[in-house]
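For reference, protein.txt (compact mmCIF, C-alpha atoms and all ligand atoms):
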# COMPACT_ATOMS: atom_id res chain seq x y z
CA MET A 109 21.56 51.30 36.95
CA LEU A 110 23.01 48.26 38.77
CA GLY A 111 25.19 47.51 35.77
CA THR A 112 26.49 51.08 35.75
CA LEU A 113 27.29 50.90 39.45
CA ILE A 114 29.18 47.61 39.10
CA GLY A 115 30.94 48.98 36.03
CA ARG A 116 32.16 51.92 38.09
CA LEU A 117 33.33 49.57 40.84
CA VAL A 118 35.40 47.58 38.37
CA ALA A 119 36.72 50.73 36.72
CA LEU A 120 37.79 52.26 40.03
CA ARG A 121 39.96 49.29 40.95
CA PRO A 122 41.56 50.71 44.11
CA PRO A 123 45.21 49.96 44.87
CA TRP A 124 45.87 46.61 46.55
CA ASN A 125 49.62 46.62 46.63
CA LYS A 126 52.32 48.19 44.53
CA TYR A 127 52.52 45.30 42.09
CA GLN A 128 48.97 44.13 41.82
CA MET A 129 46.31 46.77 41.94
CA HIS A 130 43.63 45.33 39.73
CA SER A 131 44.10 41.72 39.05
CA MET A 132 42.50 40.64 42.33
CA TRP A 133 39.50 42.89 41.83
CA ALA A 134 38.43 42.70 38.26
CA PRO A 135 38.39 38.91 37.73
CA ASN A 136 36.77 38.22 41.12
CA LEU A 137 34.11 40.87 40.64
CA ARG A 138 33.50 39.71 37.11
CA ARG A 139 33.04 36.11 38.29
CA ALA A 140 30.77 37.11 41.16
CA PHE A 141 28.57 39.28 38.99
CA ALA A 142 28.99 37.36 35.75
CA PRO A 143 25.33 37.32 34.70
CA VAL A 144 24.99 41.09 35.17
CA LEU A 145 28.41 41.96 33.82
CA ASP A 146 27.95 39.87 30.70
CA TYR A 147 25.15 42.25 29.92
CA ALA A 148 26.67 45.44 31.31
CA LEU A 149 30.38 44.85 30.59
CA PRO A 150 30.76 42.46 27.69
CA ALA A 151 34.25 41.08 27.10
CA ARG A 152 36.15 43.21 24.62
CA CYS A 153 39.05 42.49 22.31
CA PRO A 154 42.23 43.84 23.97
CA GLY A 155 43.45 45.04 20.58
CA CYS A 156 40.53 47.03 19.19
CA GLY A 157 37.73 47.00 21.78
CA GLU A 158 35.29 44.95 19.68
CA ILE A 159 32.93 42.75 21.72
CA VAL A 160 34.25 39.17 21.85
CA ALA A 161 33.03 35.90 23.37
CA GLU A 162 35.24 35.86 26.50
CA ASP A 163 37.84 37.83 28.44
CA ASP A 164 41.45 38.03 27.26
CA VAL A 165 40.60 36.85 23.75
CA PHE A 166 41.38 38.79 20.56
CA CYS A 167 38.91 39.30 17.74
CA VAL A 168 39.77 37.48 14.50
CA ASP A 169 41.22 40.58 12.84
CA CYS A 170 43.52 41.48 15.75
CA TRP A 171 44.59 37.87 16.26
CA SER A 172 45.55 37.50 12.61
CA SER A 173 47.46 40.79 12.65
CA LEU A 174 49.44 40.09 15.85
CA PRO A 175 53.09 40.39 14.78
CA PHE A 176 54.41 37.13 16.25
CA ILE A 177 58.15 36.62 15.87
CA ALA A 178 59.02 33.52 13.88
CA ALA A 179 62.31 31.66 13.34
CA PRO A 180 65.00 32.09 12.29
CA VAL A 181 66.22 34.42 15.02
CA CYS A 182 69.65 34.85 16.63
CA ALA A 183 70.13 32.08 19.21
CA ARG A 184 71.40 34.67 21.71
CA CYS A 185 69.67 38.01 21.26
CA GLY A 186 66.58 36.90 19.30
CA ILE A 187 66.95 39.38 16.46
CA ASP A 188 65.72 38.44 12.96
CA LEU A 189 68.15 36.41 10.87
CA PRO A 190 68.01 35.78 7.11
CA ASP A 191 65.53 33.07 6.07
CA LEU A 192 68.19 30.47 5.35
CA ALA A 193 69.97 30.79 8.72
CA GLU A 194 70.45 27.48 10.54
CA ASP A 195 69.13 26.62 14.01
CA GLY A 196 71.50 27.92 16.66
CA ALA A 197 73.04 30.59 14.42
CA GLU A 198 73.98 33.90 16.04
CA CYS A 199 73.90 37.39 14.59
CA GLY A 200 77.06 39.31 13.77
CA SER A 201 76.81 41.53 16.87
CA CYS A 202 76.56 38.58 19.27
CA LEU A 203 79.47 36.81 17.54
CA ALA A 204 81.62 39.96 17.61
CA GLU A 205 80.82 40.83 21.21
CA PRO A 206 79.10 37.99 23.12
CA PRO A 207 76.39 39.47 25.36
CA PRO A 208 76.14 38.57 29.06
CA PHE A 209 72.67 36.98 28.80
CA GLY A 210 72.00 33.37 27.85
CA ARG A 211 69.27 34.29 25.38
CA VAL A 212 66.58 36.86 24.78
CA ARG A 213 63.17 35.89 23.42
CA ALA A 214 60.10 37.99 22.71
CA ALA A 215 56.65 36.86 21.62
CA THR A 216 55.93 39.70 19.21
CA ARG A 217 57.42 42.62 17.35
CA PHE A 218 56.76 45.95 19.03
CA GLU A 219 54.30 47.22 16.45
CA GLY A 220 50.59 47.23 15.63
CA VAL A 221 48.35 45.31 18.05
CA SER A 222 51.35 44.27 20.16
CA ARG A 223 52.27 47.92 20.73
CA THR A 224 48.63 48.80 21.49
CA LEU A 225 48.57 46.15 24.22
CA VAL A 226 51.75 47.53 25.82
CA HIS A 227 50.40 51.08 25.84
CA ARG A 228 47.01 50.06 27.23
CA LEU A 229 48.64 48.07 30.00
CA LYS A 230 50.98 50.88 31.01
CA TYR A 231 49.03 54.05 30.34
CA ALA A 232 45.36 52.98 30.33
CA ARG A 233 45.85 50.70 33.35
CA ARG A 234 44.48 47.61 31.62
CA THR A 235 46.42 45.41 33.99
CA GLY A 236 44.57 42.29 32.85
CA HIS A 237 46.58 42.53 29.61
CA ALA A 238 49.54 41.18 31.60
CA ARG A 239 47.75 37.80 31.66
CA ILE A 240 47.50 37.78 27.89
CA MET A 241 51.19 38.60 27.52
CA ALA A 242 52.20 35.92 30.02
CA ARG A 243 50.18 33.30 28.17
CA HIS A 244 52.30 33.88 25.07
CA LEU A 245 55.56 33.74 27.00
CA VAL A 246 55.04 30.16 28.22
CA ARG A 247 56.08 28.61 24.90
CA LEU A 248 59.25 30.74 24.86
CA LEU A 249 60.59 29.40 28.15
CA PRO A 250 63.82 27.49 27.60
CA ASP A 251 63.46 23.69 27.94
CA GLU A 252 65.82 23.71 30.91
CA ALA A 253 63.81 26.38 32.77
CA CYS A 254 61.96 24.01 35.11
CA ASP A 255 63.65 25.42 38.23
CA ALA A 256 64.29 28.94 36.93
CA LEU A 257 63.50 32.03 39.00
CA LEU A 258 61.47 34.83 37.40
CA VAL A 259 62.65 38.38 38.13
CA PRO A 260 60.85 41.41 36.66
CA VAL A 261 62.74 44.47 35.47
CA PRO A 262 62.15 46.94 38.32
CA LEU A 263 60.76 50.45 38.02
CA HIS A 264 62.15 53.34 40.00
CA ARG A 265 59.99 53.89 43.09
CA TRP A 266 58.86 57.29 41.81
CA ARG A 267 57.52 55.63 38.68
CA ILE A 268 55.69 53.04 40.79
CA TRP A 269 54.11 55.81 42.83
CA SER A 270 52.93 57.67 39.74
CA ARG A 271 51.78 54.63 37.76
CA GLY A 272 50.66 52.54 40.70
CA PHE A 273 52.12 49.27 39.43
CA ASN A 274 55.07 47.73 37.65
CA GLN A 275 53.85 46.19 34.40
CA SER A 276 56.80 43.77 34.23
CA ALA A 277 55.98 42.50 37.73
CA LEU A 278 52.36 41.89 36.67
CA ILE A 279 53.53 39.86 33.67
CA ALA A 280 56.01 37.93 35.82
CA ARG A 281 53.32 37.12 38.41
CA ALA A 282 50.94 35.91 35.70
CA LEU A 283 53.69 33.76 34.18
CA ALA A 284 54.61 32.32 37.58
CA GLY A 285 50.93 31.53 38.14
CA ARG A 286 50.67 29.68 34.83
CA THR A 287 53.93 27.72 35.16
CA GLY A 288 54.56 27.29 38.88
CA LEU A 289 58.03 28.81 38.46
CA GLY A 290 59.49 30.73 41.40
CA ILE A 291 59.36 34.51 41.37
CA GLU A 292 61.35 37.16 43.22
CA LEU A 293 59.76 40.57 42.76
CA ASP A 294 62.36 42.53 44.72
CA ALA A 295 65.56 40.83 43.57
CA VAL A 296 66.77 43.90 41.68
CA HIS A 297 66.18 47.52 42.65
CA ARG A 298 66.33 50.51 40.34
CA VAL A 299 68.39 52.94 42.36
CA LYS A 300 68.75 55.66 39.72
CA ARG A 301 66.21 57.12 37.34
CA THR A 302 67.17 56.77 33.68
CA PRO A 303 66.14 58.99 30.77
CA PRO A 304 64.37 57.48 27.73
CA LEU A 305 67.10 55.40 26.10
CA TYR A 306 65.85 54.93 22.55
CA ALA A 307 67.02 58.39 21.45
CA LEU A 308 70.57 57.88 22.78
CA GLY A 309 73.56 56.36 21.06
CA ARG A 310 75.03 53.10 22.34
CA ALA A 311 77.73 54.66 24.53
CA ALA A 312 75.28 57.17 26.03
CA ARG A 313 72.79 54.37 26.80
CA GLN A 314 75.44 52.40 28.62
CA ARG A 315 76.42 55.49 30.61
CA ALA A 316 72.77 56.14 31.47
CA VAL A 317 72.15 52.65 32.90
CA ARG A 318 75.51 52.37 34.67
CA GLY A 319 74.79 52.06 38.39
CA ALA A 320 71.03 52.24 37.77
CA PHE A 321 70.35 48.80 39.25
CA ALA A 322 71.44 47.01 42.40
CA ILE A 323 70.76 43.59 43.86
CA SER A 324 68.64 43.59 47.00
CA LYS A 325 69.63 41.69 50.13
CA SER A 326 66.86 39.12 49.65
CA GLY A 327 67.72 38.97 45.94
CA ALA A 328 71.36 38.19 46.65
CA ASP A 329 70.33 35.18 48.74
CA LYS A 330 67.75 33.97 46.23
CA VAL A 331 69.63 34.26 42.93
CA ARG A 332 73.00 32.76 43.90
CA GLY A 333 73.61 29.72 41.73
CA ARG A 334 70.18 30.01 40.07
CA HIS A 335 69.00 30.17 36.49
CA VAL A 336 67.20 33.53 36.40
CA ILE A 337 64.75 34.71 33.72
CA ILE A 338 64.22 38.46 33.58
CA ILE A 339 60.70 39.47 32.55
CA ASP A 340 59.97 42.74 30.76
CA ASP A 341 57.16 44.14 28.65
CA VAL A 342 59.28 45.57 25.83
CA TRP A 343 62.87 45.19 24.67
CA THR A 344 63.74 48.36 22.80
CA THR A 345 67.47 49.03 22.95
CA GLY A 346 68.15 46.19 25.37
CA ALA A 347 70.29 48.44 27.58
CA THR A 348 67.97 48.27 30.59
CA ALA A 349 67.48 44.50 30.66
CA THR A 350 71.17 43.91 29.93
CA ALA A 351 72.11 46.09 32.91
CA CYS A 352 69.85 43.90 35.08
CA VAL A 353 71.48 40.78 33.63
CA ARG A 354 74.90 42.04 34.70
CA VAL A 355 73.72 42.80 38.23
CA LEU A 356 72.25 39.30 38.57
CA LEU A 357 75.39 37.61 37.20
CA ASP A 358 77.53 39.69 39.56
CA ALA A 359 75.30 38.45 42.40
CA GLY A 360 76.10 34.86 41.47
CA ALA A 361 73.24 33.78 39.16
CA SER A 362 74.44 30.83 37.07
CA ARG A 363 72.64 31.98 33.92
CA VAL A 364 70.32 34.85 33.06
CA ASP A 365 67.83 34.86 30.16
CA VAL A 366 65.34 37.55 29.19
CA LEU A 367 61.71 37.09 28.16
CA CYS A 368 59.63 39.97 26.79
CA TRP A 369 56.19 40.38 25.31
CA ALA A 370 57.53 42.57 22.49
CA ARG A 371 60.80 43.68 21.00
CA ALA A 372 61.70 46.41 18.59
CA MET A 373 63.39 45.06 15.48
CA PRO A 374 65.71 47.19 13.34
CA GLY A 375 63.62 48.50 10.46
CA GLY A 376 60.38 47.61 12.28
CA ALA A 377 57.14 49.50 11.73
CA ASP A 378 57.59 51.61 14.90
ZN ZN B 401 40.31 43.29 17.85
ZN ZN B 402 72.32 38.25 18.30
Represent the structure of the file as structure tokens.
Ligand SMILES: [Zn+2]
Ligand SMILES: [Zn+2]
Amino acid sequence: MLGTLIGRLVALRPPWNKYQMHSMWAPNLRRAFAPVLDYALPARCPGCGEIVAEDDVFCVDCWSSLPFIAAPVCARCGIDLPDLAEDGAECGSCLAEPPPFGRVRAATRFEGVSRTLVHRLKYARRTGHARIMARHLVRLLPDEACDALLVPVPLHRWRIWSRGFNQSALIARALAGRTGLGIELDAVHRVKRTPPLYALGRAARQRAVRGAFAISKSGADKVRGRHVIIIDDVWTTGATATACVRVLLDAGASRVDVLCWARAMPGGAD
């Protein structure tokens, strides 16, 4: 009975602020009621829901099937390169038309368990999954990122109201907490809603994101002359994050990189 009641408390997770609804509640409640919750709410694998030894840990099967991205990848956009490609090599697209970002890196391919995590975070409100994603982004930070500023890709305010949180902001906060890097949640605003971009051609995507983002007043002060790292959950077409990169460079950022939990690869499973 007590376990059920506490379980409901954790599941309810009322809104705290627009970026962080759950992460203050669930871990604190779990710690406070650990002996009861270990019985009533055992830790579960974020990939498949199997009971595991501790929070935020995958079962052996899910861990071994996580589609981590391995070298060689394009030094700029992070896309797969042929096995024999040298360190620092760039793909044909980046050579033909150099992108505005310094580099894009993602921890995993957007498929399988990686995709499940993204969907559970966004649609099943498993906001603790942002901590897991952030943990895997630490090793992808550029060596020279010690004074970089983390900026999440913003959601349109209507999307924040309907979802209750911005998943990219949760990941950015968790990464800032792990690394001590600075974070500016409101640097970039999404001033125009955009349709789903994956079904559009390249020119239509660029039209759709044109004017969709704007630098905020506080953002303009904070990013000038800074190395900025944009944080996002998924890189699909890249149009959204690249539009944010341009806004930040226009505002005077000295360099802008992008870090994502997952990225779609051409010919990927999804
Ligand atoms: Zn699992
Ligand atoms: Zn490339």
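Counting all atoms listed in the file, the residue from A:Glu198, A:Asp365, A:Asp169, A:Glu162 that sits nearest to ligand ZN 402 (chain B) is A:Glu198.
The smallest atom-to-atom distance between Pro150 of chain A and any of A:Leu367, A:Cys170, A:Ile268, A:Val165, using all atoms listed in the file, is found for A:Val165.
Close contacts of His227 of chain A, defined as residues with an atom at most 12 Å away when counting all atoms listed in the file, with chain neighbours fewer than 6 positions off set aside, comprise Pro154, Gly155, Phe218, Glu219, Gly220, Val221, Arg233, Arg234, Thr235, His237, Ala238, Gln275, Asp341, Val342 and Ala370 of chain A.
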For Glu205 of chain A: contacts at 12 Å, all atoms listed in the file, fewer than 5 positions along chain excluded, given as a ChimeraX atom specification: /A:184-185,198-200
If we count all atoms listed in the file, what is near Arg211 of chain A at a cut-off of 12 Å, once residues fewer than 5 positions away on the same chain are taken out, given as a list in words?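 So, after excluding close chain neighbours, the residues are Val181, Cys182, Ala183, Arg184, Cys185, Gly186, Ile187, Gly196, Glu198, Cys202, Pro206, Leu248, Leu249, Pro250, His335, Val336, Ile337, Ile338, Gly346, Ala349, Thr350, Val353, Arg363, Val364, Asp365, Val366, Leu367 and Cys368 of chain A.
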Leaving out segment 301-306 of chain A and any residue of its chain fewer than 6 positions from it, which residues lie within 12 Å of it when counting only C-alpha atoms, given as a PyMOL selection string? chain A and resi 262-268+312-321+342-349+351+372+378
By how many Å are atom CA of Pro208 of chain A and atom CA of Leu189 of chain A apart? 20.0 Å
Within 9 Å of Ala359 of chain A, counting all atoms listed in the file, which residues show up once you throw out same-chain ones fewer than 5 positions away? Write them as a PyMOL selection string, please. chain A and resi 323+327-329+331-333+354
Could you check which of A:Ser222, A:Ser173, A:Ser201, A:Ser362 is closest to ligand ZN 402 (chain B), using all atoms listed in the file?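 That would be A:Ser201, the residue with the smallest distance to ligand ZN 402 (chain B).
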Measuring between only C-alpha atoms, which one of A:Pro190, A:Gly210, A:Gly360, A:Pro260 shows the shortest distance to Val296 of chain A? A:Pro260
Quick test: take segment 304-336 of chain A, keep N, CA and C atoms, and write it as a PDB file, in the first residue's frame.
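Final output, saved to out.pdb:
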ATOM      1  N   PRO A 304       7.547  18.900 -39.574  1.00  0.00           N
ATOM      2  CA  PRO A 304       8.558  17.833 -39.560  1.00  0.00           C
ATOM      3  C   PRO A 304       9.431  17.955 -40.809  1.00  0.00           C
ATOM      4  N   LEU A 305      10.759  17.911 -40.604  1.00  0.00           N
ATOM      5  CA  LEU A 305      11.662  18.240 -41.707  1.00  0.00           C
ATOM      6  C   LEU A 305      12.140  17.018 -42.484  1.00  0.00           C
ATOM      7  N   TYR A 306      12.021  15.821 -41.875  1.00  0.00           N
ATOM      8  CA  TYR A 306      12.650  14.666 -42.505  1.00  0.00           C
ATOM      9  C   TYR A 306      12.020  14.293 -43.845  1.00  0.00           C
ATOM     10  N   ALA A 307      10.738  14.712 -44.033  1.00  0.00           N
ATOM     11  CA  ALA A 307      10.062  14.331 -45.284  1.00  0.00           C
ATOM     12  C   ALA A 307      10.314  15.365 -46.394  1.00  0.00           C
ATOM     13  N   LEU A 308      10.990  16.466 -46.060  1.00  0.00           N
ATOM     14  CA  LEU A 308      11.178  17.534 -47.044  1.00  0.00           C
ATOM     15  C   LEU A 308      12.523  17.384 -47.750  1.00  0.00           C
ATOM     16  N   GLY A 309      12.593  17.929 -48.950  1.00  0.00           N
ATOM     17  CA  GLY A 309      13.864  18.001 -49.658  1.00  0.00           C
ATOM     18  C   GLY A 309      14.745  19.080 -49.038  1.00  0.00           C
ATOM     19  N   ARG A 310      15.992  19.143 -49.484  1.00  0.00           N
ATOM     20  CA  ARG A 310      16.967  20.040 -48.852  1.00  0.00           C
ATOM     21  C   ARG A 310      16.527  21.504 -48.932  1.00  0.00           C
ATOM     22  N   ALA A 311      16.095  21.927 -50.123  1.00  0.00           N
ATOM     23  CA  ALA A 311      15.715  23.335 -50.293  1.00  0.00           C
ATOM     24  C   ALA A 311      14.494  23.669 -49.428  1.00  0.00           C
ATOM     25  N   ALA A 312      13.531  22.740 -49.376  1.00  0.00           N
ATOM     26  CA  ALA A 312      12.320  22.974 -48.576  1.00  0.00           C
ATOM     27  C   ALA A 312      12.650  23.030 -47.089  1.00  0.00           C
ATOM     28  N   ARG A 313      13.602  22.200 -46.643  1.00  0.00           N
ATOM     29  CA  ARG A 313      14.021  22.227 -45.232  1.00  0.00           C
ATOM     30  C   ARG A 313      14.624  23.582 -44.888  1.00  0.00           C
ATOM     31  N   GLN A 314      15.476  24.062 -45.792  1.00  0.00           N
ATOM     32  CA  GLN A 314      16.122  25.348 -45.506  1.00  0.00           C
ATOM     33  C   GLN A 314      15.101  26.482 -45.475  1.00  0.00           C
ATOM     34  N   ARG A 315      14.101  26.385 -46.360  1.00  0.00           N
ATOM     35  CA  ARG A 315      13.032  27.399 -46.330  1.00  0.00           C
ATOM     36  C   ARG A 315      12.277  27.320 -45.010  1.00  0.00           C
ATOM     37  N   ALA A 316      12.010  26.083 -44.567  1.00  0.00           N
ATOM     38  CA  ALA A 316      11.192  25.893 -43.359  1.00  0.00           C
ATOM     39  C   ALA A 316      11.870  26.458 -42.112  1.00  0.00           C
ATOM     40  N   VAL A 317      13.204  26.353 -42.037  1.00  0.00           N
ATOM     41  CA  VAL A 317      13.885  26.811 -40.814  1.00  0.00           C
ATOM     42  C   VAL A 317      14.349  28.265 -40.922  1.00  0.00           C
ATOM     43  N   ARG A 318      14.190  28.855 -42.129  1.00  0.00           N
ATOM     44  CA  ARG A 318      14.627  30.250 -42.282  1.00  0.00           C
ATOM     45  C   ARG A 318      13.807  31.154 -41.351  1.00  0.00           C
ATOM     46  N   GLY A 319      14.466  31.912 -40.535  1.00  0.00           N
ATOM     47  CA  GLY A 319      13.767  32.814 -39.619  1.00  0.00           C
ATOM     48  C   GLY A 319      13.101  32.108 -38.448  1.00  0.00           C
ATOM     49  N   ALA A 320      13.371  30.807 -38.275  1.00  0.00           N
ATOM     50  CA  ALA A 320      12.714  30.072 -37.189  1.00  0.00           C
ATOM     51  C   ALA A 320      13.360  30.342 -35.838  1.00  0.00           C
ATOM     52  N   PHE A 321      14.610  30.798 -35.834  1.00  0.00           N
ATOM     53  CA  PHE A 321      15.331  30.996 -34.579  1.00  0.00           C
ATOM     54  C   PHE A 321      15.839  32.425 -34.477  1.00  0.00           C
ATOM     55  N   ALA A 322      15.952  32.900 -33.248  1.00  0.00           N
ATOM     56  CA  ALA A 322      16.488  34.245 -33.031  1.00  0.00           C
ATOM     57  C   ALA A 322      17.273  34.232 -31.727  1.00  0.00           C
ATOM     58  N   ILE A 323      18.307  35.055 -31.687  1.00  0.00           N
ATOM     59  CA  ILE A 323      19.092  35.157 -30.454  1.00  0.00           C
ATOM     60  C   ILE A 323      18.301  36.000 -29.457  1.00  0.00           C
ATOM     61  N   SER A 324      18.370  35.618 -28.181  1.00  0.00           N
ATOM     62  CA  SER A 324      17.701  36.413 -27.151  1.00  0.00           C
ATOM     63  C   SER A 324      18.634  37.537 -26.703  1.00  0.00           C
ATOM     64  N   LYS A 325      18.096  38.481 -25.951  1.00  0.00           N
ATOM     65  CA  LYS A 325      18.943  39.593 -25.496  1.00  0.00           C
ATOM     66  C   LYS A 325      20.043  39.068 -24.565  1.00  0.00           C
ATOM     67  N   SER A 326      19.659  38.210 -23.627  1.00  0.00           N
ATOM     68  CA  SER A 326      20.673  37.665 -22.709  1.00  0.00           C
ATOM     69  C   SER A 326      21.654  36.792 -23.476  1.00  0.00           C
ATOM     70  N   GLY A 327      21.120  36.070 -24.490  1.00  0.00           N
ATOM     71  CA  GLY A 327      21.993  35.211 -25.297  1.00  0.00           C
ATOM     72  C   GLY A 327      23.031  36.019 -26.041  1.00  0.00           C
ATOM     73  N   ALA A 328      22.619  37.155 -26.595  1.00  0.00           N
ATOM     74  CA  ALA A 328      23.549  37.980 -27.369  1.00  0.00           C
ATOM     75  C   ALA A 328      24.727  38.414 -26.494  1.00  0.00           C
ATOM     76  N   ASP A 329      24.437  38.755 -25.233  1.00  0.00           N
ATOM     77  CA  ASP A 329      25.518  39.163 -24.333  1.00  0.00           C
ATOM     78  C   ASP A 329      26.423  37.987 -23.980  1.00  0.00           C
ATOM     79  N   LYS A 330      25.801  36.819 -23.797  1.00  0.00           N
ATOM     80  CA  LYS A 330      26.558  35.669 -23.288  1.00  0.00           C
ATOM     81  C   LYS A 330      27.417  34.990 -24.356  1.00  0.00           C
ATOM     82  N   VAL A 331      26.960  34.962 -25.612  1.00  0.00           N
ATOM     83  CA  VAL A 331      27.655  34.125 -26.597  1.00  0.00           C
ATOM     84  C   VAL A 331      28.747  34.876 -27.359  1.00  0.00           C
ATOM     85  N   ARG A 332      28.764  36.206 -27.250  1.00  0.00           N
ATOM     86  CA  ARG A 332      29.731  36.973 -28.045  1.00  0.00           C
ATOM     87  C   ARG A 332      31.160  36.542 -27.696  1.00  0.00           C
ATOM     88  N   GLY A 333      31.883  36.116 -28.723  1.00  0.00           N
ATOM     89  CA  GLY A 333      33.278  35.719 -28.536  1.00  0.00           C
ATOM     90  C   GLY A 333      33.467  34.350 -27.900  1.00  0.00           C
ATOM     91  N   ARG A 334      32.362  33.615 -27.675  1.00  0.00           N
ATOM     92  CA  ARG A 334      32.470  32.331 -26.956  1.00  0.00           C
ATOM     93  C   ARG A 334      32.448  31.127 -27.895  1.00  0.00           C
ATOM     94  N   HIS A 335      33.035  30.058 -27.418  1.00  0.00           N
ATOM     95  CA  HIS A 335      32.903  28.755 -28.063  1.00  0.00           C
ATOM     96  C   HIS A 335      31.600  28.137 -27.545  1.00  0.00           C
ATOM     97  N   VAL A 336      30.631  27.964 -28.425  1.00  0.00           N
ATOM     98  CA  VAL A 336      29.317  27.467 -28.019  1.00  0.00           C
ATOM     99  C   VAL A 336      29.147  26.021 -28.497  1.00  0.00           C
TER     100      VAL A 336
END
